[in-house]
Structures are given as C-alpha cells and as structure tokens.
file work_34.txt (compact mmCIF, C-alpha atoms)
# COMPACT_ATOMS: atom_id res chain seq x y z
CA MET A 1 25.71 5.91 -4.45
CA SER A 2 24.47 4.04 -7.51
CA THR A 3 23.41 5.83 -10.69
CA PRO A 4 19.83 5.15 -11.82
CA ILE A 5 19.51 3.18 -15.05
CA PRO A 6 17.74 5.18 -17.79
CA ALA A 7 14.33 4.02 -19.02
CA GLN A 8 14.60 1.65 -21.97
CA HIS A 9 12.32 -0.04 -24.50
CA GLY A 10 9.08 1.40 -23.15
CA HIS A 11 9.84 0.65 -19.49
CA SER A 12 9.85 3.41 -16.92
CA GLU A 13 13.01 4.35 -15.06
CA ALA A 14 11.49 2.97 -11.84
CA CYS A 15 10.94 -0.40 -13.52
CA CYS A 16 14.52 -0.49 -14.72
CA ASN A 17 15.85 0.13 -11.22
CA ILE A 18 13.62 -2.16 -9.14
CA PRO A 19 15.84 -5.01 -7.90
CA PRO A 20 15.07 -8.62 -8.83
CA ILE A 21 11.94 -9.81 -7.05
CA VAL A 22 12.66 -12.36 -4.32
CA SER A 23 10.30 -15.33 -4.54
CA GLY A 24 11.62 -17.34 -1.59
CA PRO A 25 12.46 -16.26 1.97
CA TYR A 26 12.93 -12.51 2.06
CA ASP A 27 15.49 -10.64 4.16
CA VAL A 28 13.97 -7.28 5.05
CA LYS A 29 16.02 -4.12 4.61
CA GLY A 30 14.38 -2.14 7.39
CA THR A 31 13.89 -2.33 11.15
CA TYR A 32 11.04 -2.09 13.63
CA GLU A 33 10.44 0.90 15.89
CA THR A 34 7.64 1.98 18.19
CA LEU A 35 6.08 5.16 16.82
CA SER A 36 2.96 6.83 18.19
CA GLY A 37 2.49 3.73 20.33
CA TYR A 38 2.48 1.30 17.38
CA LYS A 39 5.07 -1.22 16.32
CA THR A 40 6.18 0.11 12.93
CA TYR A 41 8.29 -1.29 10.12
CA VAL A 42 10.65 1.47 8.93
CA THR A 43 12.73 1.33 5.77
CA GLY A 44 14.51 3.80 3.52
CA PRO A 45 17.33 6.33 3.59
CA SER A 46 17.86 8.81 6.41
CA ASP A 47 18.44 11.82 4.17
CA THR A 48 15.12 11.96 2.33
CA THR A 49 12.49 14.62 2.91
CA LYS A 50 9.62 12.48 1.62
CA GLY A 51 7.72 9.86 3.61
CA LEU A 52 5.24 7.14 2.79
CA ILE A 53 2.75 5.61 5.20
CA THR A 54 1.78 2.13 4.05
CA VAL A 55 -1.42 0.56 5.33
CA TYR A 56 -1.01 -3.17 4.89
CA ASP A 57 -3.76 -5.62 3.99
CA ILE A 58 -5.64 -7.64 6.59
CA PHE A 59 -2.81 -10.18 6.80
CA GLY A 60 -0.33 -7.73 8.31
CA TYR A 61 3.43 -7.97 7.95
CA TYR A 62 3.72 -10.50 5.13
CA PRO A 63 7.11 -10.80 3.36
CA GLN A 64 5.60 -9.74 0.03
CA THR A 65 4.30 -6.54 1.63
CA LEU A 66 7.61 -5.80 3.35
CA GLN A 67 9.49 -6.42 0.11
CA GLY A 68 7.14 -3.93 -1.53
CA ALA A 69 7.98 -1.34 1.13
CA ASP A 70 11.69 -1.84 0.52
CA ILE A 71 11.13 -1.43 -3.22
CA LEU A 72 9.25 1.81 -2.70
CA ALA A 73 11.92 3.14 -0.35
CA SER A 74 14.91 2.96 -2.63
CA SER A 75 14.11 1.89 -6.19
CA GLY A 76 12.84 5.10 -7.79
CA THR A 77 14.67 8.28 -8.71
CA THR A 78 13.14 9.78 -5.58
CA LYS A 79 13.87 7.96 -2.33
CA TYR A 80 11.34 7.63 0.48
CA LYS A 81 11.22 6.75 4.15
CA VAL A 82 8.46 4.15 4.43
CA PHE A 83 6.51 3.39 7.61
CA ILE A 84 4.10 0.47 8.14
CA PRO A 85 2.33 0.71 11.51
CA ASP A 86 0.87 -2.45 13.02
CA TRP A 87 -2.73 -1.41 13.48
CA PHE A 88 -3.64 -5.01 14.39
CA ASP A 89 -1.25 -5.20 17.36
CA GLY A 90 0.14 -8.54 16.25
CA GLU A 91 -3.24 -10.13 15.53
CA PRO A 92 -3.83 -9.97 11.75
CA ALA A 93 -6.33 -12.05 9.84
CA GLU A 94 -5.29 -15.51 8.69
CA LEU A 95 -5.02 -16.57 5.06
CA ALA A 96 -6.82 -19.78 6.06
CA TRP A 97 -10.01 -17.73 6.57
CA LEU A 98 -10.24 -17.23 2.81
CA PRO A 99 -12.40 -18.05 1.08
CA PRO A 100 -14.97 -17.61 3.90
CA ASP A 101 -16.82 -20.71 2.75
CA THR A 102 -17.71 -22.10 6.17
CA GLU A 103 -19.69 -20.51 8.95
CA GLU A 104 -16.64 -20.51 11.20
CA LYS A 105 -14.40 -18.76 8.66
CA ALA A 106 -17.11 -16.25 7.78
CA GLU A 107 -17.62 -15.42 11.46
CA LYS A 108 -13.89 -14.93 12.02
CA LEU A 109 -13.54 -12.65 9.01
CA SER A 110 -16.63 -10.66 9.90
CA GLY A 111 -15.43 -10.27 13.47
CA PHE A 112 -12.07 -9.03 12.25
CA PHE A 113 -13.62 -6.30 10.10
CA LYS A 114 -15.84 -5.24 12.98
CA ARG A 115 -12.81 -4.97 15.22
CA PHE A 116 -10.82 -2.93 12.69
CA PRO A 117 -13.21 -0.81 10.60
CA PRO A 118 -11.35 1.21 7.94
CA GLY A 119 -12.96 4.47 9.05
CA VAL A 120 -11.51 4.18 12.54
CA ILE A 121 -7.98 3.57 11.22
CA ALA A 122 -8.36 6.47 8.78
CA SER A 123 -9.24 8.75 11.69
CA LEU A 124 -6.04 7.71 13.52
CA LEU A 125 -3.70 8.49 10.65
CA PRO A 126 -3.40 12.29 11.04
CA GLY A 127 -2.25 11.86 14.63
CA TYR A 128 0.11 9.07 13.66
CA VAL A 129 1.69 11.22 10.94
CA LYS A 130 2.12 14.09 13.39
CA ASP A 131 3.92 11.87 15.89
CA VAL A 132 6.17 10.35 13.20
CA SER A 133 6.92 13.86 11.89
CA ASP A 134 8.01 14.87 15.38
CA LYS A 135 10.46 11.94 15.41
CA TYR A 136 11.55 12.52 11.80
CA PRO A 137 11.31 16.31 11.29
CA GLU A 138 13.37 16.11 8.10
CA ILE A 139 10.35 14.57 6.34
CA LYS A 140 8.31 17.44 4.91
CA GLU A 141 5.89 15.69 2.54
CA TRP A 142 3.80 12.56 2.93
CA ALA A 143 1.89 10.13 0.74
CA ILE A 144 -0.30 7.18 1.71
CA ILE A 145 -0.42 3.74 0.13
CA GLY A 146 -2.96 1.10 1.09
CA TYR A 147 -3.57 -2.50 0.06
CA CYS A 148 -6.95 -4.28 0.12
CA TRP A 149 -8.52 -3.20 3.44
CA GLY A 150 -5.76 -0.60 3.61
CA GLY A 151 -6.79 0.67 0.18
CA LYS A 152 -10.15 1.58 1.64
CA VAL A 153 -8.37 3.34 4.51
CA ALA A 154 -6.30 5.31 1.98
CA SER A 155 -9.35 6.55 0.09
CA LEU A 156 -11.13 7.54 3.30
CA VAL A 157 -8.26 9.54 4.77
CA ALA A 158 -7.55 11.15 1.38
CA ALA A 159 -11.12 12.51 1.45
CA ALA A 160 -11.09 13.56 5.10
CA PRO A 161 -10.95 17.23 6.17
CA GLU A 162 -7.85 16.52 8.27
CA ASN A 163 -5.68 14.91 5.61
CA PRO A 164 -1.89 15.12 6.05
CA PHE A 165 -1.06 13.52 2.69
CA LYS A 166 -0.14 15.11 -0.65
CA ALA A 167 -0.79 11.98 -2.73
CA GLY A 168 -2.54 8.64 -2.28
CA VAL A 169 -2.47 5.17 -3.81
CA SER A 170 -5.03 2.41 -3.36
CA ILE A 171 -3.88 -1.05 -4.47
CA HIS A 172 -6.36 -3.88 -5.13
CA PRO A 173 -8.69 -2.08 -2.71
CA ALA A 174 -11.52 -3.66 -0.77
CA MET A 175 -14.96 -2.05 -0.65
CA VAL A 176 -14.50 0.27 -3.64
CA ASP A 177 -17.12 2.99 -3.33
CA PRO A 178 -17.37 5.68 -6.03
CA LYS A 179 -18.72 8.07 -3.39
CA ASP A 180 -15.31 8.07 -1.69
CA ALA A 181 -13.77 9.66 -4.78
CA GLU A 182 -15.96 12.76 -4.54
CA GLY A 183 -14.13 14.18 -1.53
CA ILE A 184 -10.56 13.37 -2.56
CA LYS A 185 -8.56 16.55 -3.11
CA ILE A 186 -5.08 15.10 -3.68
CA PRO A 187 -3.58 13.23 -6.65
CA PHE A 188 -4.78 9.65 -6.36
CA ALA A 189 -4.03 6.33 -8.05
CA LEU A 190 -6.03 3.11 -7.98
CA LEU A 191 -4.52 -0.18 -9.16
CA ALA A 192 -7.21 -2.83 -9.42
CA SER A 193 -7.08 -6.58 -9.91
CA LYS A 194 -9.46 -8.73 -11.93
CA ASN A 195 -11.47 -9.36 -8.74
CA GLU A 196 -12.55 -5.80 -7.99
CA ASP A 197 -15.91 -4.79 -9.43
CA ALA A 198 -15.05 -3.20 -12.78
CA GLU A 199 -18.01 -0.83 -12.77
CA SER A 200 -17.19 0.45 -9.28
CA VAL A 201 -13.56 0.99 -10.28
CA LYS A 202 -14.63 2.93 -13.38
CA LYS A 203 -17.08 5.08 -11.44
CA PHE A 204 -14.45 5.74 -8.78
CA GLY A 205 -12.02 6.91 -11.45
CA ASP A 206 -14.66 9.04 -13.15
CA GLY A 207 -15.48 10.64 -9.80
CA LEU A 208 -11.92 11.79 -9.16
CA LYS A 209 -11.46 15.45 -10.09
CA VAL A 210 -7.73 15.45 -9.31
CA PRO A 211 -4.64 14.14 -11.13
CA LYS A 212 -5.16 10.38 -11.22
CA HIS A 213 -4.04 7.04 -12.51
CA ILE A 214 -6.59 4.23 -12.75
CA GLU A 215 -5.40 0.86 -14.04
CA THR A 216 -6.67 -2.70 -13.88
CA PHE A 217 -4.19 -5.57 -13.92
CA SER A 218 -6.68 -7.83 -15.61
CA ASP A 219 -4.97 -11.18 -15.09
CA GLN A 220 -3.98 -10.64 -11.46
CA ILE A 221 -5.89 -11.67 -8.33
CA HIS A 222 -6.90 -9.42 -5.45
CA GLY A 223 -3.74 -9.21 -3.35
CA TRP A 224 -1.10 -9.65 -6.07
CA MET A 225 1.04 -6.79 -4.72
CA ALA A 226 0.81 -7.79 -1.06
CA ALA A 227 0.24 -10.91 1.07
CA ARG A 228 -1.44 -13.03 -1.59
CA ALA A 229 1.29 -12.55 -4.20
CA ASN A 230 2.63 -15.89 -5.43
CA LEU A 231 6.03 -14.60 -6.44
CA GLU A 232 7.18 -18.02 -7.58
CA ASP A 233 4.83 -17.53 -10.54
CA GLU A 234 6.77 -15.69 -13.23
CA ARG A 235 3.76 -13.72 -14.48
CA VAL A 236 2.70 -12.66 -10.97
CA ALA A 237 6.27 -11.58 -10.14
CA SER A 238 6.42 -9.56 -13.36
CA GLU A 239 3.13 -7.77 -12.65
CA TYR A 240 4.11 -7.29 -9.00
CA LYS A 241 7.24 -5.51 -10.21
CA ARG A 242 5.33 -3.52 -12.82
CA GLY A 243 2.76 -2.48 -10.22
CA TYR A 244 5.45 -1.02 -8.00
CA SER A 245 6.94 0.73 -11.02
CA VAL A 246 3.56 2.36 -11.71
CA VAL A 247 3.31 3.48 -8.08
CA LEU A 248 6.83 4.93 -8.09
CA ASP A 249 6.18 6.82 -11.31
CA PHE A 250 2.94 8.26 -9.89
CA LEU A 251 4.60 9.33 -6.65
CA SER A 252 7.53 10.85 -8.50
CA ALA A 253 5.10 13.02 -10.45
CA HIS A 254 2.99 14.13 -7.48
CA LEU A 255 5.15 14.13 -4.33

call {"tool": "encode", "arguments": {"input": "work_34.txt", "output": "structure tokens"}}
result
Amino acid sequence: MSTPIPAQHGHSEACCNIPPIVSGPYDVKGTYETLSGYKTYVTGPSDTTKGLITVYDIFGYYPQTLQGADILASSGTTKYKVFIPDWFDGEPAELAWLPPDTEEKAEKLSGFFKRFPPGVIASLLPGYVKDVSDKYPEIKEWAIIGYCWGGKVASLVAAAPENPFKAGVSIHPAMVDPKDAEGIKIPFALLASKNEDAESVKKFGDGLKVPKHIETFSDQIHGWMAARANLEDERVASEYKRGYSVVLDFLSAHL
C-alpha cells in the first residue's frame, strides 16, 4: 500500500496524490455491475466504509467523467467506493446538440430534459442507495456528487426529507436556484465555472446554513470536470486536477 505524499508548497495532500491526468484514451480502473436495476460503473477499494454516488452530466459515461470517478476513489487520504448509475439507460445526450443553435438541436435537448427531469432522478436516489447498501453492507456513510444536470440532482436530493447522504457536491451545476439551498441540511460544496450565473451562485452560497465550500473556476467552461473537459489543454487539465483536489479535501472534512 502506497504512502500518501504530504502537502507541499500550498497544495493540498489530495492534489499531491492525484495521479497524472490522462489526456488521451483512458483505461478505466473500475467495472460495470447491475445495481438496483441500473447499469453502474463501480470503482474503488473493497475495504472502505465510505461510498460516493456520482450523478454524471447529460452526456453519460464519458472518459473524463470516469477518470474523475477513479481519482475520487483512490487519490485522497480517505478512499471511497464510487458508483455511477446509468439513469439514461444507454441513451445520453449528444455533444453535437450543443450549442442548441438550430431548431432541431433545441428540440432534441428540450426533449431530453423532459424525459429525464432532475427531480425525478433525485426521488429515485434514496431507493438506489438502499439497494446498493444491501449489496455493499460494509459502506456505512454516503456522499453525492453531481455534474451539470447531475449537480441539480445533487442539490435537490440534499434538500429532500428522505436524504441518505452526509455530504454533497455540485460541480458546474445546471439550473442553479438559490431556493434549493434553503432546505439543504448537510455539508455542501458548489464548484462553478465561468458560465454559471454569478449572482445565482452567490445567492446559493449565501443561502446555505451548513458547512460549505463555494468556489468559481473563473477561466473554465461549464463541464470542465466532466464530459466537456479538453484535457489536452494544459490549463484545463490543471484546473480539472485542482477541482478534484478541492472535492477530496471537502469530503475528507465532512464524510
């Protein structure tokens, strides 16, 4: 078992121990299982008692998102079992739909959001966590992480009466609504890009009455930690890595 590298020169310990970011084809570290009826990407050690449910962005199982899950699983001082269920049943949105600058693309994107409203997925998560806990009873504590559309899901379930999570993270979230923050009762982090509405992000942070971390990565686009991350760009790869370091530090403090 490797020994974690101490924090140095202002970097967190998580940052020091995140492996080099892969910009080309990525070989995943995990496997796929069927859990609670959903195909699920599973990664991380078998001896941990802490689990993360990741809600991907609208583009599904992109390599950048799977690499992020592998980073979260094993790069911090605390190790996690990470699960990414396929809520879209193999039919994610297509990158070609963005920007929705034609009637056809706008219709496809609108239809996708109508088919998979965040509130419906949020309502399914408590049952999903229960079923996964039955399969993995060694996991005693859970956190949720969501990207883009999944970031909205994370904020909704974190505010729901039936919330199985002890911490939540919303990364470059879609549909930021300060009202969602009012009901959140668990430690919560929001990592925004330059494309989220700054006033909404600020009001969301101000509305949180729990331990929190609110940070804007001001030169990064919506999606820089998931499917839209151009990891061949040195600056994007650096901020991708730093973003995961921030998440690991937050989870280490609150889970």

call {"tool": "closest_atom_pairs", "arguments": {"input": "work_34.txt", "of": "region 131-168 of chain A", "to": "region 116-120 of chain A", "cutoff": "12 Å", "atoms": "all atoms listed in the file", "output": "tab-separated table"}}
result
residue	atom	partner	partner_atom	distance
A:Gly146	CA	A:Pro118	CA	10.8
A:Tyr147	CA	A:Pro118	CA	11.7
A:Cys148	CA	A:Pro118	CA	10.5
A:Trp149	CA	A:Pro118	CA	6.9
A:Gly150	CA	A:Pro118	CA	7.3
A:Gly151	CA	A:Pro118	CA	9.0
A:Lys152	CA	A:Pro118	CA	6.4
A:Val153	CA	A:Pro118	CA	5.0
A:Ala154	CA	A:Pro118	CA	8.8
A:Ser155	CA	A:Pro118	CA	9.7
A:Leu156	CA	A:Gly119	CA	6.8
A:Val157	CA	A:Gly119	CA	8.1
A:Ala158	CA	A:Gly119	CA	11.5
A:Ala159	CA	A:Gly119	CA	11.2
A:Ala160	CA	A:Gly119	CA	10.1

call {"tool": "closest_residue", "arguments": {"input": "work_34.txt", "among": "A:Asp70, A:Glu162, A:Asp27, A:Asp197", "to": "Ser123 (chain A)", "atoms": "all atoms listed in the file"}}
result
A:Glu162

call {"tool": "closest_atom_pairs", "arguments": {"input": "work_34.txt", "of": "region 214-249 of chain A", "to": "region 80-99 of chain A", "cutoff": "12 Å", "atoms": "all atoms listed in the file", "output": "tab-separated table"}}
result
residue	atom	partner	partner_atom	distance
A:His222	CA	A:Leu98	CA	11.8
A:Gly223	CA	A:Leu95	CA	11.2
A:Ala227	CA	A:Leu95	CA	8.7
A:Arg228	CA	A:Leu95	CA	8.3
A:Ala229	CA	A:Leu95	CA	11.9
A:Leu248	CA	A:Tyr80	CA	10.1

call {"tool": "residues_around", "arguments": {"input": "work_34.txt", "residues": "Tyr244 (chain A)", "least_positions_apart": "6", "cutoff": "8 Å", "atoms": "all atoms listed in the file", "output": "tab-separated table (two decimals) with C-alpha atoms, keeping the file's coordinate frame"}}
result
chain	number	residue	atom	x	y	z
A	15	CYS	CA	10.94	-0.40	-13.52
A	68	GLY	CA	7.14	-3.93	-1.53
A	71	ILE	CA	11.13	-1.43	-3.22
A	72	LEU	CA	9.25	1.81	-2.70
A	225	MET	CA	1.04	-6.79	-4.72

call {"tool": "atom_distance", "arguments": {"input": "work_34.txt", "atom1": "CA of Ile58 (chain A)", "atom2": "CA of Ile121 (chain A)"}}
result
12.4 Å

call {"tool": "closest_residue", "arguments": {"input": "work_34.txt", "among": "A:Leu66, A:Ala237, A:Val210, A:Ala73", "to": "Tyr32 (chain A)", "atoms": "all atoms listed in the file"}}
result
A:Leu66

call {"tool": "residues_near_point", "arguments": {"input": "work_34.txt", "point": "(14.1, -2.8, 11.2)", "cutoff": "8 Å", "atoms": "only C-alpha atoms", "output": "PyMOL selection string"}}
result
chain A and resi 28-33+41-43

call {"tool": "residues_around", "arguments": {"input": "work_34.txt", "residues": "Pro164 (chain A)", "least_positions_apart": "2", "cutoff": "12 Å", "atoms": "all atoms listed in the file", "output": "PyMOL selection string"}}
result
chain A and resi 51-53+122-133+140-144+154+157-162+166-168+185-186

call {"tool": "write_last_selection", "arguments": {"input": "work_34.txt", "atoms": "C-alpha atoms", "output": "compact mmCIF listing (two decimals), in the frame of the given file"}}
result
# COMPACT_ATOMS: atom_id res chain seq x y z
CA GLY A 51 7.72 9.86 3.61
CA LEU A 52 5.24 7.14 2.79
CA ILE A 53 2.75 5.61 5.20
CA ALA A 122 -8.36 6.47 8.78
CA SER A 123 -9.24 8.75 11.69
CA LEU A 124 -6.04 7.71 13.52
CA LEU A 125 -3.70 8.49 10.65
CA PRO A 126 -3.40 12.29 11.04
CA GLY A 127 -2.25 11.86 14.63
CA TYR A 128 0.11 9.07 13.66
CA VAL A 129 1.69 11.22 10.94
CA LYS A 130 2.12 14.09 13.39
CA ASP A 131 3.92 11.87 15.89
CA VAL A 132 6.17 10.35 13.20
CA SER A 133 6.92 13.86 11.89
CA LYS A 140 8.31 17.44 4.91
CA GLU A 141 5.89 15.69 2.54
CA TRP A 142 3.80 12.56 2.93
CA ALA A 143 1.89 10.13 0.74
CA ILE A 144 -0.30 7.18 1.71
CA ALA A 154 -6.30 5.31 1.98
CA VAL A 157 -8.26 9.54 4.77
CA ALA A 158 -7.55 11.15 1.38
CA ALA A 159 -11.12 12.51 1.45
CA ALA A 160 -11.09 13.56 5.10
CA PRO A 161 -10.95 17.23 6.17
CA GLU A 162 -7.85 16.52 8.27
CA LYS A 166 -0.14 15.11 -0.65
CA ALA A 167 -0.79 11.98 -2.73
CA GLY A 168 -2.54 8.64 -2.28
CA LYS A 185 -8.56 16.55 -3.11
CA ILE A 186 -5.08 15.10 -3.68

call {"tool": "atom_distance", "arguments": {"input": "work_34.txt", "atom1": "CA of Ser200 (chain A)", "atom2": "CA of Asp233 (chain A)"}}
result
28.5 Å

call {"tool": "atom_distance", "arguments": {"input": "work_34.txt", "atom1": "CA of Phe204 (chain A)", "atom2": "CA of Glu182 (chain A)"}}
result
8.3 Å

call {"tool": "closest_residue", "arguments": {"input": "work_34.txt", "among": "A:Asn163, A:Thr216, A:Thr54, A:Ser252", "to": "Thr40 (chain A)", "atoms": "only C-alpha atoms"}}
result
A:Thr54

call {"tool": "build_atoms", "arguments": {"input": "work_34.txt", "residues": "region 200-223 of chain A", "atoms": "N, CA, C and O atoms", "output": "JSON list (two decimals), keeping the file's coordinate frame"}}
result
[["chain", "number", "residue", "atom", "x", "y", "z"],
["A", 200, "SER", "N", -17.52, -0.41, -10.42],
["A", 200, "SER", "CA", -17.19, 0.45, -9.28],
["A", 200, "SER", "C", -15.85, 1.14, -9.47],
["A", 200, "SER", "O", -15.69, 2.33, -9.14],
["A", 201, "VAL", "N", -14.87, 0.40, -10.01],
["A", 201, "VAL", "CA", -13.56, 0.99, -10.28],
["A", 201, "VAL", "C", -13.69, 2.12, -11.29],
["A", 201, "VAL", "O", -13.11, 3.20, -11.12],
["A", 202, "LYS", "N", -14.44, 1.89, -12.36],
["A", 202, "LYS", "CA", -14.63, 2.93, -13.38],
["A", 202, "LYS", "C", -15.30, 4.16, -12.80],
["A", 202, "LYS", "O", -14.87, 5.30, -13.05],
["A", 203, "LYS", "N", -16.36, 3.95, -12.03],
["A", 203, "LYS", "CA", -17.08, 5.08, -11.44],
["A", 203, "LYS", "C", -16.21, 5.83, -10.44],
["A", 203, "LYS", "O", -16.28, 7.06, -10.34],
["A", 204, "PHE", "N", -15.38, 5.09, -9.71],
["A", 204, "PHE", "CA", -14.45, 5.74, -8.78],
["A", 204, "PHE", "C", -13.50, 6.64, -9.57],
["A", 204, "PHE", "O", -13.30, 7.81, -9.21],
["A", 205, "GLY", "N", -12.93, 6.11, -10.64],
["A", 205, "GLY", "CA", -12.02, 6.91, -11.45],
["A", 205, "GLY", "C", -12.70, 8.12, -12.06],
["A", 205, "GLY", "O", -12.14, 9.23, -12.07],
["A", 206, "ASP", "N", -13.91, 7.92, -12.55],
["A", 206, "ASP", "CA", -14.66, 9.04, -13.15],
["A", 206, "ASP", "C", -14.98, 10.12, -12.12],
["A", 206, "ASP", "O", -15.09, 11.30, -12.45],
["A", 207, "GLY", "N", -15.14, 9.70, -10.86],
["A", 207, "GLY", "CA", -15.48, 10.64, -9.80],
["A", 207, "GLY", "C", -14.31, 11.46, -9.29],
["A", 207, "GLY", "O", -14.51, 12.47, -8.62],
["A", 208, "LEU", "N", -13.10, 11.05, -9.60],
["A", 208, "LEU", "CA", -11.92, 11.79, -9.16],
["A", 208, "LEU", "C", -11.74, 13.04, -10.01],
["A", 208, "LEU", "O", -11.65, 12.95, -11.24],
["A", 209, "LYS", "N", -11.65, 14.19, -9.38],
["A", 209, "LYS", "CA", -11.46, 15.45, -10.09],
["A", 209, "LYS", "C", -10.06, 16.00, -9.80],
["A", 209, "LYS", "O", -9.86, 17.21, -9.74],
["A", 210, "VAL", "N", -9.12, 15.11, -9.63],
["A", 210, "VAL", "CA", -7.73, 15.45, -9.31],
["A", 210, "VAL", "C", -6.84, 14.67, -10.27],
["A", 210, "VAL", "O", -7.31, 13.76, -10.96],
["A", 211, "PRO", "N", -5.54, 14.99, -10.35],
["A", 211, "PRO", "CA", -4.64, 14.14, -11.13],
["A", 211, "PRO", "C", -4.76, 12.69, -10.66],
["A", 211, "PRO", "O", -4.78, 12.43, -9.45],
["A", 212, "LYS", "N", -4.84, 11.76, -11.60],
["A", 212, "LYS", "CA", -5.16, 10.38, -11.22],
["A", 212, "LYS", "C", -4.51, 9.38, -12.16],
["A", 212, "LYS", "O", -4.12, 9.72, -13.29],
["A", 213, "HIS", "N", -4.44, 8.17, -11.68],
["A", 213, "HIS", "CA", -4.04, 7.04, -12.51],
["A", 213, "HIS", "C", -4.91, 5.86, -12.09],
["A", 213, "HIS", "O", -4.83, 5.40, -10.95],
["A", 214, "ILE", "N", -5.72, 5.37, -13.01],
["A", 214, "ILE", "CA", -6.59, 4.23, -12.75],
["A", 214, "ILE", "C", -6.19, 3.12, -13.71],
["A", 214, "ILE", "O", -6.20, 3.33, -14.94],
["A", 215, "GLU", "N", -5.85, 1.96, -13.18],
["A", 215, "GLU", "CA", -5.40, 0.86, -14.04],
["A", 215, "GLU", "C", -5.82, -0.47, -13.44],
["A", 215, "GLU", "O", -5.71, -0.68, -12.23],
["A", 216, "THR", "N", -6.31, -1.36, -14.31],
["A", 216, "THR", "CA", -6.67, -2.70, -13.88],
["A", 216, "THR", "C", -5.66, -3.70, -14.42],
["A", 216, "THR", "O", -5.40, -3.73, -15.63],
["A", 217, "PHE", "N", -5.10, -4.49, -13.54],
["A", 217, "PHE", "CA", -4.19, -5.57, -13.92],
["A", 217, "PHE", "C", -5.07, -6.81, -14.11],
["A", 217, "PHE", "O", -5.33, -7.56, -13.17],
["A", 218, "SER", "N", -5.52, -6.98, -15.33],
["A", 218, "SER", "CA", -6.68, -7.83, -15.61],
["A", 218, "SER", "C", -6.45, -9.33, -15.43],
["A", 218, "SER", "O", -7.41, -10.09, -15.38],
["A", 219, "ASP", "N", -5.20, -9.75, -15.32],
["A", 219, "ASP", "CA", -4.97, -11.18, -15.09],
["A", 219, "ASP", "C", -4.42, -11.46, -13.70],
["A", 219, "ASP", "O", -3.95, -12.57, -13.42],
["A", 220, "GLN", "N", -4.50, -10.47, -12.81],
["A", 220, "GLN", "CA", -3.98, -10.64, -11.46],
["A", 220, "GLN", "C", -5.11, -10.71, -10.43],
["A", 220, "GLN", "O", -6.13, -10.06, -10.57],
["A", 221, "ILE", "N", -4.88, -11.49, -9.37],
["A", 221, "ILE", "CA", -5.89, -11.67, -8.33],
["A", 221, "ILE", "C", -5.81, -10.54, -7.31],
["A", 221, "ILE", "O", -4.80, -9.83, -7.20],
["A", 222, "HIS", "N", -6.89, -10.35, -6.58],
["A", 222, "HIS", "CA", -6.90, -9.42, -5.45],
["A", 222, "HIS", "C", -5.79, -9.82, -4.49],
["A", 222, "HIS", "O", -5.75, -10.96, -3.99],
["A", 223, "GLY", "N", -4.84, -8.92, -4.26],
["A", 223, "GLY", "CA", -3.74, -9.21, -3.35],
["A", 223, "GLY", "C", -2.41, -9.46, -4.03],
["A", 223, "GLY", "O", -1.43, -9.79, -3.35]]
